[in-house]
Amino acid sequence: MSTMPGTLTNVTPDIDAPTIPNATIYHGDRLLPLKNVLLSALPPVTWLMSSRTRKYANKVYNIIITVHKVNYFIINLSFSMNKIITFAITFTKKSKRMNKQKRFLLQESEIPTQWYNIQADMPNKPMRPLNPATKQPLTAEDLAHIFSLECSKQELDTEHAWIDIPEEVLDMYKYYRSTPLVRAYALEKALDTPAHIYFKNESVNPLGSHKINSALPQCYYCREEGVTNVTTETGAGQWGAALSYAAKVFGLEAAVYQVKITLQQKPYRGILMRTFGANVTGSSMSTRAGKDIITRDPNNSGSLGTAISEAIELATTTPNCKYALGSVLNHVALHQTIIGLEAEKQMEMAGEYPDMVIACFGGGSNFGGIAFPFMRHTILEGRKTEYIAAEPSSCPKLTRGEFRYDYGDEAGYTPLLPMFTLGHDFKPANIHAGGLRYHGAGVIISQLIKDGMMHGVDIPQLESFEAGLLFSRTEGIVPAPESCHAIAATIREANRCKESGEQKVILFNLSGHGLIDMPSYDSYLNVDLSDYNISDEEIRKYLAGVPKLD
Ligand SMILES: Cc1ncc(COP(=O)(O)O)c(C=O)c1O
């Protein structure tokens with residue numbers, strides 16, 4: 001490359017030519033104007049100088065350049081420091097935000113594809129239900145007179161821990177799953193508790209509760225087996241609404257018996273069921289079982305036990321019709337384990353593991369749904385987690401019932417189930433948590449209670465609504481009156497943590513929202529609600545009606 005006469009290198013060959021730093025190293029073109037000035041001005045000037053002066057000039061020049069080098073080094077350093085500091089601030093802010101993550105959701109591809117059958121892992125298998133006529137252990141074929149054959153098999157399966165969710169059911173789960181796992185920061189703050197409270201929000205599907213998780217597979221299996229009609233009972237109307245929708249999805253006709261008192265308390269659920277095309281009847285009215293019950297007790301306001309009798313009678317007297325139950329039975333809890341299996345993954349995302357799992361308790365399906373997947377780790381790996389089922393004080397089968405073989409319905413149509421019961425003709429008070437007004441606990445749950453793996457707590461009605469109100473005002477979701485029991489039990493535990501200073505991780509299931517239960521909140525706000533206490537004597541009276549086995 002030729003060098004132009006008059007350039008610096010050319011005129012001062014005998015001294016070290018100062019190297020002008022490459023401008024690009026020093027961030028941009030800041031040095032360029034100086035470089036240009038020096039290149040154009042210095043050569044003619046230095047040409048006229050004596051060699052001594054030239055040396056001076058060169059020294060001055062070198063000083064200027066060094067000052068600039070230092071200057072640019074400092075500028076660069078401050079640039080870099082700035083960048084590092086900005087990055088550090090952003091990172092800290094981000095990770096702070098990450099630590100305060102509110103909701104944890106799974107991708108569709110992460111939704112579990114199998115249900116968990118705890119029966120396979122239980123150290124003591126549940127006792128077998130009995131055929132009420134022969135008093136012999138029940139077979140799947142016996143059950144299949146009432147239920148779909150597949151559900152009957154699942155009911156008695158004590159071998160397979162994992163059951164595949166059918167593809168079509170999975171497709172329907174994707175309409176609303178995964179449901180969020182939510183950290184209840186605002187509730188924690190209101191309680192001033194060191195506990196970390198999480199809830200699994202099963203209220204976010206269009207039907208409003210967890211019940212849809214079992215309604216879909218039950219209707220799917222019926223359709224697969226050529227059934228055309230399904231019938232069921234419903235307490236608060238959540239299960240009835242879910243079954244009506246699922247029946248429509250799989251092309252079945254649905255007939256629902258809703259407990260008379262809740263049809264009056266919550267008229268919109270009946271309308272919801274009819275919107276999905278179901279035939280809705282207030283129990284007890286139309287069947288032989290219903291008429292017998294109302295004849296014996298004209299003021300009977302109905303119970304789940306009564307409504308179950310009516311639905312089973314319809315199923316066994318109508319061709320091509322099966323009965324679908326929304327709780328109590330093992331296969332219903334099996335379908336609900338999708339809740340806990342998702343929650344397990346989501347708790348991992350939150351970087352925590354529950355010390356306590358809490359759910360409200362009617363027959364046990366949402367409790368089993370959230371608890372069983374975690375209980376698997378307690379059974380198989382000895383993980384220490386406490387499992388708490390929250391029942392109403394007015395219907396205390398877990399805390400004050402007896403472990404007996406009893407019917408699941410009032411008229412005695414179901415198999416005899418080994419369960420904690422208050423007696424199958426127990427008349428629960430007209431509390432607003434209609435879905436918890438049931439006399440017995442599921443067979444699996446009953447065995448787990450016997451084995452000391454879990455326990456129940458009883459919640460008075462007013463405490464449950466007080467909890468529901470606090471939850472609504474902090475987390476912004478109005479819970480179903482049933483779910484309020486789980487919240488009340490959670491609040492009790494969180495307050496205990498406050499007293500002891502323990503930072504326990506509490507996970508509860510928000511089984512449903514209460515937006516169709518507003519008349520119940522209205523009564524509470526108008527101070528029209530009360531607690532119902534049941535005496536030991538009353539419980540003894542009902543238990544006297546439980547069949548005696550030799
Ligand atoms: C919202 C809600 N939660 C809980 C329950 C209680 O049922 P289970 O014990 O089967 O979960 C019901 C029953 O109707 C319900 O509607």
# chains A, B, ... in the order shown; residues from 1 in each chain; ligands from 1
call {"tool": "residues_around", "arguments": {"residues": "Val328 in chain A", "least_positions_apart": "4", "cutoff": "6 Å", "atoms": "only C-alpha atoms", "output": "PDB file with N, CA and C atoms, in the first residue's frame"}}
result
ATOM      1  N   GLY A 363     -68.376 -36.168  49.475  1.00  0.00           N
ATOM      2  CA  GLY A 363     -68.195 -37.628  49.426  1.00  0.00           C
ATOM      3  C   GLY A 363     -66.731 -37.968  49.234  1.00  0.00           C
ATOM      4  N   GLY A 364     -65.925 -36.953  48.892  1.00  0.00           N
ATOM      5  CA  GLY A 364     -64.477 -37.157  48.854  1.00  0.00           C
ATOM      6  C   GLY A 364     -63.814 -36.992  47.500  1.00  0.00           C
ATOM      7  N   GLY A 442     -66.282 -41.733  51.061  1.00  0.00           N
ATOM      8  CA  GLY A 442     -65.863 -42.761  50.097  1.00  0.00           C
ATOM      9  C   GLY A 442     -65.084 -43.884  50.781  1.00  0.00           C
TER      10      GLY A 442
END
call {"tool": "select_by_dssp", "arguments": {"residues": "range 292-334 of chain A", "states": "alpha helix (DSSP H)", "output": "PyMOL selection string"}}
result
chain A and resi 292-296+304-317+330-334
call {"tool": "write_last_selection", "arguments": {"atoms": "N, CA and C atoms", "output": "compact mmCIF listing (two decimals), in the first residue's frame"}}
result
# COMPACT_ATOMS: atom_id res chain seq x y z
N ASP A 292 -92.08 -42.79 48.43
CA ASP A 292 -92.05 -43.46 49.74
C ASP A 292 -91.47 -42.52 50.79
N ILE A 293 -90.38 -41.86 50.41
CA ILE A 293 -89.68 -40.98 51.38
C ILE A 293 -90.58 -39.81 51.76
N ILE A 294 -91.24 -39.22 50.78
CA ILE A 294 -92.07 -38.04 51.05
C ILE A 294 -93.34 -38.44 51.82
N THR A 295 -93.80 -39.68 51.61
CA THR A 295 -94.97 -40.15 52.37
C THR A 295 -94.61 -40.32 53.84
N ARG A 296 -93.42 -40.88 54.07
CA ARG A 296 -92.96 -41.08 55.45
C ARG A 296 -92.72 -39.74 56.14
N LEU A 304 -78.84 -35.67 49.46
CA LEU A 304 -78.19 -36.37 48.34
C LEU A 304 -78.58 -37.84 48.36
N GLY A 305 -78.70 -38.40 49.57
CA GLY A 305 -79.08 -39.82 49.70
C GLY A 305 -80.41 -40.10 49.02
N THR A 306 -81.37 -39.19 49.17
CA THR A 306 -82.69 -39.37 48.55
C THR A 306 -82.56 -39.26 47.03
N ALA A 307 -81.86 -38.24 46.58
CA ALA A 307 -81.75 -38.01 45.13
C ALA A 307 -81.03 -39.17 44.45
N ILE A 308 -80.05 -39.76 45.14
CA ILE A 308 -79.34 -40.91 44.56
C ILE A 308 -80.33 -42.07 44.37
N SER A 309 -81.17 -42.32 45.38
CA SER A 309 -82.16 -43.40 45.28
C SER A 309 -83.02 -43.19 44.03
N GLU A 310 -83.46 -41.97 43.83
CA GLU A 310 -84.36 -41.69 42.70
C GLU A 310 -83.65 -41.94 41.36
N ALA A 311 -82.40 -41.47 41.28
CA ALA A 311 -81.67 -41.63 40.02
C ALA A 311 -81.38 -43.10 39.74
N ILE A 312 -81.01 -43.86 40.77
CA ILE A 312 -80.72 -45.29 40.54
C ILE A 312 -81.99 -46.01 40.12
N GLU A 313 -83.10 -45.64 40.73
CA GLU A 313 -84.36 -46.29 40.34
C GLU A 313 -84.65 -46.04 38.86
N LEU A 314 -84.44 -44.82 38.42
CA LEU A 314 -84.68 -44.50 37.00
C LEU A 314 -83.73 -45.31 36.11
N ALA A 315 -82.45 -45.38 36.52
CA ALA A 315 -81.46 -46.09 35.70
C ALA A 315 -81.80 -47.57 35.57
N THR A 316 -82.27 -48.17 36.66
CA THR A 316 -82.53 -49.62 36.61
C THR A 316 -83.88 -49.95 35.99
N THR A 317 -84.72 -48.94 35.79
CA THR A 317 -86.03 -49.23 35.19
C THR A 317 -86.16 -48.67 33.77
N ASN A 330 -64.89 -44.82 44.09
CA ASN A 330 -63.44 -44.79 43.78
C ASN A 330 -63.15 -44.26 42.38
N HIS A 331 -63.99 -44.66 41.40
CA HIS A 331 -63.66 -44.23 40.03
C HIS A 331 -63.84 -42.71 39.86
N VAL A 332 -64.72 -42.11 40.67
CA VAL A 332 -64.91 -40.65 40.57
C VAL A 332 -63.65 -39.95 41.11
N ALA A 333 -63.17 -40.44 42.25
CA ALA A 333 -61.93 -39.85 42.82
C ALA A 333 -60.76 -40.08 41.86
N LEU A 334 -60.76 -41.25 41.21
CA LEU A 334 -59.69 -41.55 40.24
C LEU A 334 -59.64 -40.47 39.15
call {"tool": "residues_near_ligand", "arguments": {"ligand": "ligand 1", "cutoff": "6 Å", "atoms": "only C-alpha atoms and all ligand atoms", "output": "list in words"}}
result
Ser209, Gly235, Ala236, Gln238, Trp239, Ser327, Cys360, Phe361, Gly362, Gly363, Gly364, Ser365, Asn366, Phe367, Gly435, Leu436, Ala480, Glu482, Ser483, Ser511 and Gly512 of chain A
call {"tool": "closest_residue", "arguments": {"among": "A:Met122, A:Leu181, A:Ile197, A:Leu243", "to": "Ala161 in chain A", "atoms": "only C-alpha atoms"}}
result
A:Met122
call {"tool": "closest_residue", "arguments": {"among": "A:Ile445, A:Val357, A:Ala241, A:Met375", "to": "Leu329 in chain A", "atoms": "only C-alpha atoms"}}
result
A:Ile445
call {"tool": "residues_around", "arguments": {"residues": "range 343-353 of chain A", "least_positions_apart": "4", "cutoff": "12 Å", "atoms": "only C-alpha atoms", "output": "number ranges by chain"}}
result
A: 98-107, 110-112, 177-183, 195-202, 336-339, 357, 369-377, 383-386, 503-509
call {"tool": "residues_around", "arguments": {"residues": "Phe426 in chain A", "least_positions_apart": "5", "cutoff": "12 Å", "atoms": "only C-alpha atoms", "output": "ChimeraX atom specification"}}
result
/A:300,302-306,394-397,401,406-411,421,437-440,534,538-546
